[in-house]
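Q: Starting off with a structure, shown below.
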Amino acid sequence: MNKLSIGYFADGPWSHNSFKKLIEDKSLEIKFIVPRKDTNDQTLKEFATKYDIQYLENVSINSEEFYNRAREFKCDLFVSMSFDQIFRNRIINIPQLGTINCHAGKLPFYRGRNVLNWVLINDEKEFGITVHYVDEGIDTGDIILQGLYPISDNDDYNTLLNTSYDACADLLYQSVKLIQSDKVESVKQSTLHPTGFYCGKRGEGDEIIDWSWSSRRIFNFIRAICKPGPLARTKFKGELVLINKAGIIVNAPNYINTPGQLLAKTEDGFLVKTGDSYLEIYEIESGVKLKVGDKLS
């Protein structure tokens, strides 16, 4: 099997396990690492130093300067893992085997950003990880491998992250080996669904709870942005209240009352009225002392 040389475009925890798998395989060679421009990731930089790999900082990947420099490395394959710049065709096609990306979404669905948050908000029962060829679209290239992973009510953003860190590394490595051995049987996304869909990046203000939502929707919303996310937010008398956990009350009756009102104290938090029934909130961070009868807004 011929040695395969790789250019690695990567950042953050997603990329660390993948790097370890690639670097441990002596039939693979990582020639350079390009992190995000705004990176806070010192781990990849330390990896580059340890393994004597070129570490290229503050790179605009579609610039003339980088195009010329990237060609000099004569890589067989470019690999993207949690990278945030869009590759244009002339960069994609520098390596003879093209460019691949690992995306934590079940393509052609959940293209785009903050996918692990969105799958929980949408009450999905599974999420996907997809390794695909990069084209000039956003997460639209042909699929190399895809894995599906169950989601239960015990899962939240943190558990999905931890699953993804390992699963992305495994699928990405398997995909590189398929490419290296010329055994890829890629799948066009249009054969799975004619359009798929995209998710936009979550921004400031997207953490606010609407207590008129159903209990199920609020439960999903809170677990979707729990730590290490920004936490779901509400207010009491103008003071911010952050909520890290919620629990569904089995067989809670559906009735009309005041959404957002604290109905009862529990061992860990409060029961709160929602648009249909009620649920429990706990792991609450607040500068004010809450009590039964208070109304969150």
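Residues in the structure tokens are numbered from 1 in each chain, the chains being A, B, ... in the order shown, and ligands are numbered from 1 in the order shown.
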Mind checking which residues fall within 8 Å of Asn244 (chain A), counting only C-alpha atoms, ignoring those fewer than 3 positions away in the same chain, and posting them as a list in words?

A: Ile222, Arg223, Ile225, Cys226, Lys227, Leu231, Ala232, Tyr282, Glu283 and Ile284 of chain A

Q: Restricting the output to all heavy atoms, write the selected residues as a PDB file, in the first residue's frame.

A:
ATOM      1  N   ILE A 222     -33.763  22.758  26.489  1.00  0.00           N
ATOM      2  CA  ILE A 222     -32.815  22.901  27.605  1.00  0.00           C
ATOM      3  C   ILE A 222     -31.655  21.920  27.455  1.00  0.00           C
ATOM      4  O   ILE A 222     -30.489  22.285  27.627  1.00  0.00           O
ATOM      5  CB  ILE A 222     -33.541  22.716  28.947  1.00  0.00           C
ATOM      6  CG1 ILE A 222     -34.477  23.900  29.195  1.00  0.00           C
ATOM      7  CG2 ILE A 222     -32.540  22.576  30.102  1.00  0.00           C
ATOM      8  CD1 ILE A 222     -35.401  23.742  30.404  1.00  0.00           C
ATOM      9  N   ARG A 223     -31.945  20.665  27.111  1.00  0.00           N
ATOM     10  CA  ARG A 223     -30.847  19.685  26.992  1.00  0.00           C
ATOM     11  C   ARG A 223     -29.993  19.922  25.749  1.00  0.00           C
ATOM     12  O   ARG A 223     -28.845  19.492  25.700  1.00  0.00           O
ATOM     13  CB  ARG A 223     -31.387  18.261  27.023  1.00  0.00           C
ATOM     14  CG  ARG A 223     -32.218  17.834  25.817  1.00  0.00           C
ATOM     15  CD  ARG A 223     -32.696  16.414  26.005  1.00  0.00           C
ATOM     16  NE  ARG A 223     -33.554  15.948  24.920  1.00  0.00           N
ATOM     17  CZ  ARG A 223     -33.513  14.723  24.414  1.00  0.00           C
ATOM     18  NH1 ARG A 223     -32.646  13.835  24.888  1.00  0.00           N
ATOM     19  NH2 ARG A 223     -34.336  14.368  23.471  1.00  0.00           N
ATOM     20  N   ILE A 225     -28.818  22.785  24.729  1.00  0.00           N
ATOM     21  CA  ILE A 225     -27.798  23.830  24.907  1.00  0.00           C
ATOM     22  C   ILE A 225     -27.255  23.833  26.339  1.00  0.00           C
ATOM     23  O   ILE A 225     -26.772  24.852  26.833  1.00  0.00           O
ATOM     24  CB  ILE A 225     -28.333  25.221  24.513  1.00  0.00           C
ATOM     25  CG1 ILE A 225     -29.630  25.566  25.240  1.00  0.00           C
ATOM     26  CG2 ILE A 225     -28.543  25.295  23.003  1.00  0.00           C
ATOM     27  CD1 ILE A 225     -30.122  26.978  24.946  1.00  0.00           C
ATOM     28  N   CYS A 226     -27.303  22.667  26.986  1.00  0.00           N
ATOM     29  CA  CYS A 226     -26.736  22.537  28.326  1.00  0.00           C
ATOM     30  C   CYS A 226     -25.212  22.636  28.253  1.00  0.00           C
ATOM     31  O   CYS A 226     -24.630  22.707  27.170  1.00  0.00           O
ATOM     32  CB  CYS A 226     -27.168  21.216  28.956  1.00  0.00           C
ATOM     33  SG  CYS A 226     -26.355  19.753  28.233  1.00  0.00           S
ATOM     34  N   LYS A 227     -24.540  22.629  29.388  1.00  0.00           N
ATOM     35  CA  LYS A 227     -23.077  22.709  29.401  1.00  0.00           C
ATOM     36  C   LYS A 227     -22.475  21.580  28.571  1.00  0.00           C
ATOM     37  O   LYS A 227     -22.962  20.460  28.642  1.00  0.00           O
ATOM     38  CB  LYS A 227     -22.565  22.639  30.850  1.00  0.00           C
ATOM     39  CG  LYS A 227     -22.966  23.842  31.693  1.00  0.00           C
ATOM     40  CD  LYS A 227     -22.502  23.690  33.139  1.00  0.00           C
ATOM     41  CE  LYS A 227     -22.927  24.907  33.970  1.00  0.00           C
ATOM     42  NZ  LYS A 227     -22.530  24.788  35.391  1.00  0.00           N
ATOM     43  N   LEU A 231     -26.361  27.415  27.857  1.00  0.00           N
ATOM     44  CA  LEU A 231     -27.454  27.204  28.802  1.00  0.00           C
ATOM     45  C   LEU A 231     -28.716  27.958  28.379  1.00  0.00           C
ATOM     46  O   LEU A 231     -28.666  29.100  27.914  1.00  0.00           O
ATOM     47  CB  LEU A 231     -27.093  27.614  30.232  1.00  0.00           C
ATOM     48  CG  LEU A 231     -25.874  26.956  30.869  1.00  0.00           C
ATOM     49  CD1 LEU A 231     -25.811  27.288  32.368  1.00  0.00           C
ATOM     50  CD2 LEU A 231     -25.882  25.459  30.681  1.00  0.00           C
ATOM     51  N   ALA A 232     -29.857  27.287  28.569  1.00  0.00           N
ATOM     52  CA  ALA A 232     -31.159  27.905  28.321  1.00  0.00           C
ATOM     53  C   ALA A 232     -31.401  29.012  29.344  1.00  0.00           C
ATOM     54  O   ALA A 232     -30.975  28.904  30.502  1.00  0.00           O
ATOM     55  CB  ALA A 232     -32.254  26.851  28.408  1.00  0.00           C
ATOM     56  N   TYR A 282     -33.896  21.988  36.975  1.00  0.00           N
ATOM     57  CA  TYR A 282     -32.900  21.929  38.040  1.00  0.00           C
ATOM     58  C   TYR A 282     -31.536  22.306  37.493  1.00  0.00           C
ATOM     59  O   TYR A 282     -31.417  22.616  36.304  1.00  0.00           O
ATOM     60  CB  TYR A 282     -32.884  20.568  38.739  1.00  0.00           C
ATOM     61  CG  TYR A 282     -32.901  19.357  37.845  1.00  0.00           C
ATOM     62  CD1 TYR A 282     -31.739  18.662  37.566  1.00  0.00           C
ATOM     63  CD2 TYR A 282     -34.098  18.874  37.304  1.00  0.00           C
ATOM     64  CE1 TYR A 282     -31.744  17.531  36.768  1.00  0.00           C
ATOM     65  CE2 TYR A 282     -34.114  17.744  36.499  1.00  0.00           C
ATOM     66  CZ  TYR A 282     -32.936  17.075  36.231  1.00  0.00           C
ATOM     67  OH  TYR A 282     -32.951  15.958  35.435  1.00  0.00           O
ATOM     68  N   GLU A 283     -30.534  22.304  38.370  1.00  0.00           N
ATOM     69  CA  GLU A 283     -29.225  22.884  38.047  1.00  0.00           C
ATOM     70  C   GLU A 283     -29.440  24.312  37.535  1.00  0.00           C
ATOM     71  O   GLU A 283     -29.083  24.667  36.411  1.00  0.00           O
ATOM     72  CB  GLU A 283     -28.455  22.025  37.047  1.00  0.00           C
ATOM     73  CG  GLU A 283     -28.066  20.670  37.634  1.00  0.00           C
ATOM     74  CD  GLU A 283     -27.099  19.890  36.756  1.00  0.00           C
ATOM     75  OE1 GLU A 283     -26.393  20.516  35.945  1.00  0.00           O
ATOM     76  OE2 GLU A 283     -27.054  18.649  36.905  1.00  0.00           O
ATOM     77  N   ILE A 284     -30.013  25.106  38.414  1.00  0.00           N
ATOM     78  CA  ILE A 284     -30.416  26.483  38.094  1.00  0.00           C
ATOM     79  C   ILE A 284     -29.349  27.449  38.592  1.00  0.00           C
ATOM     80  O   ILE A 284     -28.892  27.344  39.733  1.00  0.00           O
ATOM     81  CB  ILE A 284     -31.774  26.819  38.765  1.00  0.00           C
ATOM     82  CG1 ILE A 284     -32.844  25.831  38.287  1.00  0.00           C
ATOM     83  CG2 ILE A 284     -32.180  28.256  38.470  1.00  0.00           C
ATOM     84  CD1 ILE A 284     -34.091  25.824  39.152  1.00  0.00           C
TER      85      ILE A 284
END

Q: Select from region 83-124 of chain A everything DSSP, run on the backbone, classes as strand (DSSP E), then give the selection as a VMD selection string.

A: chain A and resid 99 to 103 111 to 112

Q: Could you check which of A:Ala224, A:Leu192, A:Leu107, A:Leu77 is closest to Asp156 (chain A), using only C-alpha atoms?

A: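 Of the candidates, the smallest distance to Asp156 (chain A) is held by A:Ala224.
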
Q: Skip region 253-266 of chain A itself and residues of its chain fewer than 4 positions away, then list as a count of residues only all residues within 9 Å of it, counting only C-alpha atoms.

A: 23

Q: With distances taken over only C-alpha atoms, which of A:Gly7, A:Gly205, A:Gly98, A:Gly112 is nearest to Glu72 (chain A)?

A: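 Of all the options, A:Gly7 lies closest to Glu72 (chain A).
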
Q: Distance CA of Asp142 (chain A)-CA of Val59 (chain A), one decimal place?

A: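 CA of Val59 (chain A) lies 26.3 Å from CA of Asp142 (chain A).
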
Q: Counting only C-alpha atoms, which of A:Asn114, A:Ser60, A:Asn2, A:Thr130 gets nearest to Gln189 (chain A)?

A: A:Thr130

Q: In region 193-245 of chain A, what's helix (DSSP H, G or I) per DSSP? Answer as a list of chain:residue names?

A: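 The residues of region 193-245 of chain A classed as helix (DSSP H, G or I) are A:Ser215, A:Arg216, A:Arg217, A:Ile218, A:Phe219, A:Asn220, A:Phe221, A:Ile222, A:Arg223, A:Ala224.
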
Q: Given the selection you just returned, output its residues as a file containing N, CA and C atoms, formatted as an mmCIF file, in the first residue's frame.

A:
data_model
loop_
_atom_site.group_PDB
_atom_site.id
_atom_site.type_symbol
_atom_site.label_atom_id
_atom_site.label_comp_id
_atom_site.auth_asym_id
_atom_site.auth_seq_id
_atom_site.Cartn_x
_atom_site.Cartn_y
_atom_site.Cartn_z
ATOM 1 N N SER A 215 -44.170 21.013 27.106
ATOM 2 C CA SER A 215 -43.140 20.495 28.017
ATOM 3 C C SER A 215 -42.049 19.757 27.249
ATOM 4 N N ARG A 216 -42.448 18.966 26.258
ATOM 5 C CA ARG A 216 -41.475 18.199 25.481
ATOM 6 C C ARG A 216 -40.531 19.136 24.727
ATOM 7 N N ARG A 217 -41.080 20.187 24.159
ATOM 8 C CA ARG A 217 -40.238 21.113 23.402
ATOM 9 C C ARG A 217 -39.259 21.839 24.326
ATOM 10 N N ILE A 218 -39.710 22.240 25.482
ATOM 11 C CA ILE A 218 -38.819 22.939 26.417
ATOM 12 C C ILE A 218 -37.747 21.984 26.947
ATOM 13 N N PHE A 219 -38.130 20.757 27.257
ATOM 14 C CA PHE A 219 -37.170 19.745 27.700
ATOM 15 C C PHE A 219 -36.068 19.573 26.655
ATOM 16 N N ASN A 220 -36.462 19.434 25.395
ATOM 17 C CA ASN A 220 -35.477 19.275 24.325
ATOM 18 C C ASN A 220 -34.600 20.507 24.183
ATOM 19 N N PHE A 221 -35.199 21.678 24.310
ATOM 20 C CA PHE A 221 -34.472 22.936 24.168
ATOM 21 C C PHE A 221 -33.403 23.077 25.251
ATOM 22 N N ILE A 222 -33.763 22.758 26.489
ATOM 23 C CA ILE A 222 -32.815 22.901 27.605
ATOM 24 C C ILE A 222 -31.655 21.920 27.455
ATOM 25 N N ARG A 223 -31.945 20.665 27.111
ATOM 26 C CA ARG A 223 -30.847 19.685 26.992
ATOM 27 C C ARG A 223 -29.993 19.922 25.749
ATOM 28 N N ALA A 224 -30.549 20.637 24.772
ATOM 29 C CA ALA A 224 -29.800 20.897 23.541
ATOM 30 C C ALA A 224 -28.691 21.914 23.725
#

Q: In Å, with one decimal, what is the gap from CA of Glu267 (chain A) to CA of Ile281 (chain A)?

A: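 Taking CA of Glu267 (chain A) and CA of Ile281 (chain A), their separation equals 10.7 Å.
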
Q: Could you pull the residues within 9 Å of Leu171 (chain A), counting only C-alpha atoms, minus those fewer than 4 positions along the same chain, as a list in words?

A: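 Near Leu171 (chain A), the qualifying residues are Ser18, Cys102, Ile129, Thr130, Val131, Leu145, Gln146, Gly147, Asp166, Ala167, Ser175 and Val176 of chain A.
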
Q: If we count only C-alpha atoms and set the cut-off at 6 Å, which residues sit around Ile143 (chain A), ignoring sequence neighbours fewer than 6 positions away in its own chain? Please answer as a ChimeraX atom specification.

A: /A:132,186-187

Q: Could the residues in this selection be saved with C-alpha atoms as a PDB file, in the first residue's frame?

A:
ATOM      1  CA  HIS A 132     -17.985  13.182   2.396  1.00  0.00           C
ATOM      2  CA  SER A 186     -19.379   6.977  -2.787  1.00  0.00           C
ATOM      3  CA  VAL A 187     -23.078   7.887  -2.707  1.00  0.00           C
TER       4      VAL A 187
END

Q: Go ahead and compute the interatomic distance for CA of Phe127 (chain A) and CA of Thr43 (chain A), in Å to one decimal.

A: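 Between these atoms lies a distance of 27.2 Å.
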
Q: Quick one: of A:Tyr110, A:Thr191, A:Gly196, A:Ile243, who's nearest to Ile208 (chain A), counting only C-alpha atoms?

A: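 Smallest separation from Ile208 (chain A) among the options: A:Ile243.
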
Q: From the options A:Arg202, A:Lys20, A:Lys177, A:His103, which residue's atoms come nearest to Ser5 (chain A), counting only C-alpha atoms?

A: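 Ranked by minimum distance to Ser5 (chain A), first place goes to A:Lys177.
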
Q: Out of A:Cys75, A:Leu4, A:Leu22, A:Leu161, which residue has the shortest atom-to-atom distance to Gln96 (chain A) when counting only C-alpha atoms?

A: A:Cys75
